[in-house]
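Notes to accompany the following structure.
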Amino acid sequence: MQIVKKLLEHKGTDTRAVNRSKETALDTAEITGNSEVVAILQEYGVQSAKAIKPPQATTARELKQTVSDIKHEVHYQLEHTRQTRRRVQGIAKQLNKMHLEGLNNAINSTTVVAVLIATVAFAAIFQVPGQFVSDPENIPLGLSLGEANIAPNIPFMIFFLFDSIALFISLAVVVVQTSVVIIERKAKKQMMAIINKLMWLACVLISVAFLALAFVVVGEHEKWLAIAVTIIGTIIMATTLGTMCYWVVMHRIEASNLRSIRRSSMGSRSRSWSMSATSDPEISEYKKMYAI
């Protein structure tokens, strides 16, 4: 008994040691029926294996539960990321479809307007006021057979020049629109940007041609009518084209800013996928309205 006490009093003695049979010293003493040793061991705080095992089991169970929770959380995050990616891709596809429809509508509208301007410009040249010299027996001095009676006037020359340019610009647009087939969206957008600028020019030219011919129609005594129409038409066309140019410039500036943001975000590796998804060019470049 003294040896047992000495061993228990020694600081290096492990009172929680377990043998191969998963028994502590207290369990062995109880199995052998040595009550005195059992009492001494209990006096020095030696516990049985059953008393020691539950905390270990509890710790292992808690660790397993923690690992399981982490696993489920990671799985949830990955699934949420996949769902978010699918939603973003769906939104991008829908916006892409809407953008293509808008471009196709713009192409069809431009073709119709180009044909209309070409038709009006062609008809206007051969239906000028004052008609033409058609009587071979009565040809006015300074004119020739088939020549317009107002041909020597400067306003008619301005009308003829600008109307002809508008006619050929519109015909060129019609030829391009009916001959060139573009599939890629970016190339189609670039082509539409050029064609729209040509149509702006054709509209300005046909407007100048109309105003020049107005001075011929009203005559010298009613010239104030032509001047009033010129002022009104100039204000309307200048306001419209100025607003369109403003939209073009603002759209170009915003597109340039978006490209700069994308370049800076690509250089920073600390950004998350969600942040990069919101700045994706397929989505961020779309607007409700802009001038091509």
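By order of appearance in the structure tokens: chains A, B, ..., then residues from 1 within every chain, and ligands from 1 in the order shown.
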At a cut-off of 9 Å, using only C-alpha atoms, what residues contact stretch 12-21 of chain A? Leave out same-chain residues fewer than 2 positions from it and give the result as a PDB file with N, CA, C and O atoms, in the first residue's frame.
ATOM      1  N   LEU A   7       3.818   6.064  -5.339  1.00  0.00           N
ATOM      2  CA  LEU A   7       3.670   6.297  -6.785  1.00  0.00           C
ATOM      3  C   LEU A   7       2.636   7.397  -7.073  1.00  0.00           C
ATOM      4  O   LEU A   7       2.840   8.238  -7.955  1.00  0.00           O
ATOM      5  N   LEU A   8       1.571   7.395  -6.310  1.00  0.00           N
ATOM      6  CA  LEU A   8       0.548   8.416  -6.526  1.00  0.00           C
ATOM      7  C   LEU A   8       1.021   9.786  -6.092  1.00  0.00           C
ATOM      8  O   LEU A   8       0.600  10.814  -6.668  1.00  0.00           O
ATOM      9  N   GLU A   9       1.861   9.830  -5.086  1.00  0.00           N
ATOM     10  CA  GLU A   9       2.389  11.120  -4.631  1.00  0.00           C
ATOM     11  C   GLU A   9       3.457  11.671  -5.579  1.00  0.00           C
ATOM     12  O   GLU A   9       3.741  12.876  -5.560  1.00  0.00           O
ATOM     13  N   HIS A  10       4.007  10.800  -6.399  1.00  0.00           N
ATOM     14  CA  HIS A  10       5.027  11.266  -7.343  1.00  0.00           C
ATOM     15  C   HIS A  10       4.378  12.103  -8.452  1.00  0.00           C
ATOM     16  O   HIS A  10       3.341  11.727  -9.019  1.00  0.00           O
ATOM     17  N   GLU A  23      -8.414   0.049 -19.606  1.00  0.00           N
ATOM     18  CA  GLU A  23      -8.686   0.114 -18.181  1.00  0.00           C
ATOM     19  C   GLU A  23      -7.677   1.026 -17.505  1.00  0.00           C
ATOM     20  O   GLU A  23      -6.482   1.019 -17.855  1.00  0.00           O
ATOM     21  N   THR A  24      -8.161   1.785 -16.528  1.00  0.00           N
ATOM     22  CA  THR A  24      -7.259   2.577 -15.693  1.00  0.00           C
ATOM     23  C   THR A  24      -6.847   1.734 -14.477  1.00  0.00           C
ATOM     24  O   THR A  24      -7.310   0.599 -14.285  1.00  0.00           O
ATOM     25  N   ALA A  25      -5.981   2.288 -13.629  1.00  0.00           N
ATOM     26  CA  ALA A  25      -5.546   1.574 -12.420  1.00  0.00           C
ATOM     27  C   ALA A  25      -6.720   1.286 -11.507  1.00  0.00           C
ATOM     28  O   ALA A  25      -6.794   0.217 -10.868  1.00  0.00           O
ATOM     29  N   LEU A  41      -6.692   4.710  -4.457  1.00  0.00           N
ATOM     30  CA  LEU A  41      -6.743   5.348  -5.780  1.00  0.00           C
ATOM     31  C   LEU A  41      -7.838   6.418  -5.839  1.00  0.00           C
ATOM     32  O   LEU A  41      -7.633   7.499  -6.393  1.00  0.00           O
ATOM     33  N   TYR A  44      -6.768   9.565  -4.083  1.00  0.00           N
ATOM     34  CA  TYR A  44      -5.843  10.414  -4.862  1.00  0.00           C
ATOM     35  C   TYR A  44      -6.445  10.861  -6.206  1.00  0.00           C
ATOM     36  O   TYR A  44      -5.739  11.393  -7.039  1.00  0.00           O
ATOM     37  N   GLY A  45      -7.732  10.646  -6.391  1.00  0.00           N
ATOM     38  CA  GLY A  45      -8.409  11.200  -7.574  1.00  0.00           C
ATOM     39  C   GLY A  45      -8.265  10.396  -8.844  1.00  0.00           C
ATOM     40  O   GLY A  45      -8.499  10.925  -9.942  1.00  0.00           O
ATOM     41  N   VAL A  46      -7.918   9.125  -8.724  1.00  0.00           N
ATOM     42  CA  VAL A  46      -7.826   8.291  -9.927  1.00  0.00           C
ATOM     43  C   VAL A  46      -9.238   7.933 -10.367  1.00  0.00           C
ATOM     44  O   VAL A  46     -10.059   7.494  -9.547  1.00  0.00           O
ATOM     45  N   GLN A  47      -9.538   8.101 -11.659  1.00  0.00           N
ATOM     46  CA  GLN A  47     -10.862   7.842 -12.176  1.00  0.00           C
ATOM     47  C   GLN A  47     -10.876   6.571 -13.017  1.00  0.00           C
ATOM     48  O   GLN A  47      -9.834   6.090 -13.490  1.00  0.00           O
ATOM     49  N   SER A  48     -12.089   6.063 -13.223  1.00  0.00           N
ATOM     50  CA  SER A  48     -12.233   4.886 -14.080  1.00  0.00           C
ATOM     51  C   SER A  48     -12.251   5.311 -15.544  1.00  0.00           C
ATOM     52  O   SER A  48     -12.376   6.499 -15.876  1.00  0.00           O
ATOM     53  N   ALA A  49     -12.120   4.328 -16.437  1.00  0.00           N
ATOM     54  CA  ALA A  49     -12.110   4.622 -17.875  1.00  0.00           C
ATOM     55  C   ALA A  49     -13.444   5.200 -18.336  1.00  0.00           C
ATOM     56  O   ALA A  49     -13.499   6.034 -19.242  1.00  0.00           O
ATOM     57  N   ILE A  52     -13.491   8.845 -17.655  1.00  0.00           N
ATOM     58  CA  ILE A  52     -12.561   9.621 -18.487  1.00  0.00           C
ATOM     59  C   ILE A  52     -13.037   9.679 -19.928  1.00  0.00           C
ATOM     60  O   ILE A  52     -12.900  10.689 -20.614  1.00  0.00           O
TER      61      ILE A  52
END
query: Which neighbours of A:Ala214 fall inside 9 Å, counting only C-alpha atoms, when residues of the same chain fewer than 2 positions from it are skipped, and could you give them as a list in words?
result: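 The contact residues come out as Pro155, Ala209, Phe210, Leu211, Ala212, Val216, Val217, Val218, Gly219, Lys223, Leu225, Ala226, Ile227, Val229 and Thr230 of chain A.
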Export of prior selection with all heavy atoms as an mmCIF file, in the first residue's frame:
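Writing the result to result.cif gives the following:
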data_model
loop_
_atom_site.group_PDB
_atom_site.id
_atom_site.type_symbol
_atom_site.label_atom_id
_atom_site.label_comp_id
_atom_site.auth_asym_id
_atom_site.auth_seq_id
_atom_site.Cartn_x
_atom_site.Cartn_y
_atom_site.Cartn_z
ATOM 1 N N PRO A 155 -30.277 80.006 -105.246
ATOM 2 C CA PRO A 155 -30.964 79.046 -104.369
ATOM 3 C C PRO A 155 -31.218 77.699 -105.051
ATOM 4 O O PRO A 155 -31.119 76.647 -104.408
ATOM 5 C CB PRO A 155 -32.282 79.746 -104.025
ATOM 6 C CG PRO A 155 -31.959 81.197 -104.138
ATOM 7 C CD PRO A 155 -30.994 81.295 -105.292
ATOM 8 N N ALA A 209 -31.555 71.671 -98.726
ATOM 9 C CA ALA A 209 -32.124 71.728 -100.069
ATOM 10 C C ALA A 209 -33.555 72.258 -100.042
ATOM 11 O O ALA A 209 -33.955 73.079 -100.886
ATOM 12 C CB ALA A 209 -32.074 70.341 -100.712
ATOM 13 N N PHE A 210 -34.336 71.808 -99.075
ATOM 14 C CA PHE A 210 -35.718 72.297 -98.954
ATOM 15 C C PHE A 210 -35.745 73.797 -98.658
ATOM 16 O O PHE A 210 -36.530 74.545 -99.259
ATOM 17 C CB PHE A 210 -36.432 71.520 -97.852
ATOM 18 C CG PHE A 210 -37.762 72.094 -97.475
ATOM 19 C CD1 PHE A 210 -38.888 71.814 -98.238
ATOM 20 C CD2 PHE A 210 -37.896 72.923 -96.363
ATOM 21 C CE1 PHE A 210 -40.125 72.356 -97.897
ATOM 22 C CE2 PHE A 210 -39.116 73.464 -96.027
ATOM 23 C CZ PHE A 210 -40.243 73.179 -96.793
ATOM 24 N N LEU A 211 -34.888 74.226 -97.720
ATOM 25 C CA LEU A 211 -34.877 75.645 -97.356
ATOM 26 C C LEU A 211 -34.416 76.507 -98.531
ATOM 27 O O LEU A 211 -34.935 77.620 -98.742
ATOM 28 C CB LEU A 211 -33.964 75.859 -96.148
ATOM 29 C CG LEU A 211 -34.437 75.205 -94.841
ATOM 30 C CD1 LEU A 211 -33.409 75.413 -93.742
ATOM 31 C CD2 LEU A 211 -35.784 75.769 -94.406
ATOM 32 N N ALA A 212 -33.449 76.016 -99.302
ATOM 33 C CA ALA A 212 -32.989 76.785 -100.469
ATOM 34 C C ALA A 212 -34.102 76.913 -101.499
ATOM 35 O O ALA A 212 -34.297 77.987 -102.098
ATOM 36 C CB ALA A 212 -31.762 76.099 -101.080
ATOM 37 N N VAL A 216 -36.990 80.180 -103.458
ATOM 38 C CA VAL A 216 -37.436 80.314 -104.843
ATOM 39 C C VAL A 216 -38.962 80.326 -104.916
ATOM 40 O O VAL A 216 -39.567 81.074 -105.683
ATOM 41 C CB VAL A 216 -36.862 79.159 -105.694
ATOM 42 C CG1 VAL A 216 -37.365 79.251 -107.130
ATOM 43 C CG2 VAL A 216 -35.354 79.188 -105.656
ATOM 44 N N VAL A 217 -39.599 79.490 -104.088
ATOM 45 C CA VAL A 217 -41.052 79.334 -104.159
ATOM 46 C C VAL A 217 -41.775 80.592 -103.690
ATOM 47 O O VAL A 217 -42.745 81.049 -104.314
ATOM 48 C CB VAL A 217 -41.489 78.115 -103.319
ATOM 49 C CG1 VAL A 217 -43.013 78.025 -103.259
ATOM 50 C CG2 VAL A 217 -40.916 76.839 -103.910
ATOM 51 N N VAL A 218 -41.309 81.185 -102.578
ATOM 52 C CA VAL A 218 -42.041 82.328 -102.011
ATOM 53 C C VAL A 218 -41.799 83.616 -102.782
ATOM 54 O O VAL A 218 -42.612 84.563 -102.715
ATOM 55 C CB VAL A 218 -41.659 82.537 -100.533
ATOM 56 C CG1 VAL A 218 -42.016 81.309 -99.726
ATOM 57 C CG2 VAL A 218 -40.174 82.849 -100.388
ATOM 58 N N GLY A 219 -40.693 83.706 -103.527
ATOM 59 C CA GLY A 219 -40.423 84.910 -104.298
ATOM 60 C C GLY A 219 -39.788 86.010 -103.460
ATOM 61 O O GLY A 219 -39.564 85.860 -102.253
ATOM 62 N N LYS A 223 -40.224 86.883 -98.962
ATOM 63 C CA LYS A 223 -38.995 86.219 -98.512
ATOM 64 C C LYS A 223 -38.993 85.991 -97.003
ATOM 65 O O LYS A 223 -38.325 85.081 -96.498
ATOM 66 C CB LYS A 223 -37.772 87.048 -98.925
ATOM 67 C CG LYS A 223 -36.448 86.357 -98.631
ATOM 68 C CD LYS A 223 -35.262 87.182 -99.111
ATOM 69 C CE LYS A 223 -35.216 87.216 -100.633
ATOM 70 N NZ LYS A 223 -33.997 87.921 -101.121
ATOM 71 N N LEU A 225 -41.189 84.704 -95.269
ATOM 72 C CA LEU A 225 -41.684 83.365 -94.989
ATOM 73 C C LEU A 225 -40.559 82.341 -95.042
ATOM 74 O O LEU A 225 -40.434 81.465 -94.168
ATOM 75 C CB LEU A 225 -42.784 83.001 -95.995
ATOM 76 C CG LEU A 225 -44.134 83.696 -95.821
ATOM 77 C CD1 LEU A 225 -45.069 83.337 -96.960
ATOM 78 C CD2 LEU A 225 -44.754 83.314 -94.482
ATOM 79 N N ALA A 226 -39.722 82.437 -96.070
ATOM 80 C CA ALA A 226 -38.599 81.510 -96.189
ATOM 81 C C ALA A 226 -37.610 81.690 -95.040
ATOM 82 O O ALA A 226 -37.063 80.705 -94.509
ATOM 83 C CB ALA A 226 -37.897 81.719 -97.536
ATOM 84 N N ILE A 227 -37.409 82.953 -94.627
ATOM 85 C CA ILE A 227 -36.497 83.201 -93.512
ATOM 86 C C ILE A 227 -37.064 82.601 -92.221
ATOM 87 O O ILE A 227 -36.332 81.992 -91.426
ATOM 88 C CB ILE A 227 -36.251 84.713 -93.354
ATOM 89 C CG1 ILE A 227 -35.532 85.266 -94.594
ATOM 90 C CG2 ILE A 227 -35.450 84.991 -92.090
ATOM 91 C CD1 ILE A 227 -35.359 86.775 -94.580
ATOM 92 N N VAL A 229 -39.161 80.055 -91.949
ATOM 93 C CA VAL A 229 -39.047 78.596 -92.044
ATOM 94 C C VAL A 229 -37.606 78.164 -91.809
ATOM 95 O O VAL A 229 -37.346 77.137 -91.159
ATOM 96 C CB VAL A 229 -39.563 78.111 -93.413
ATOM 97 C CG1 VAL A 229 -39.238 76.635 -93.600
ATOM 98 C CG2 VAL A 229 -41.053 78.342 -93.536
ATOM 99 N N THR A 230 -36.661 78.925 -92.318
ATOM 100 C CA THR A 230 -35.241 78.595 -92.122
ATOM 101 C C THR A 230 -34.869 78.638 -90.645
ATOM 102 O O THR A 230 -34.166 77.748 -90.138
ATOM 103 C CB THR A 230 -34.354 79.566 -92.911
ATOM 104 O OG1 THR A 230 -34.696 79.492 -94.297
ATOM 105 C CG2 THR A 230 -32.884 79.216 -92.726
#
message: When DSSP is applied to the backbone of this structure, which of stretch 10-81 of chain A are assigned alpha helix (DSSP H)? Write them out as an MDAnalysis selection string.
response: chainID A and resid 25:32 35:43 49:81
message: Please determine, counting only C-alpha atoms, which residue among A:Val67, A:Val120, A:Leu205, A:Cys245 has the shortest atom-to-atom distance to A:Ile158.
response: A:Leu205
message: For a quick check of understanding, using only C-alpha atoms, which of A:Arg87, A:Leu63, A:Thr81, A:Leu103 has the smallest distance to A:Ile183?
response: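 Going through A:Arg87, A:Leu63, A:Thr81, A:Leu103 one by one, the smallest distance to A:Ile183 is for A:Leu103.
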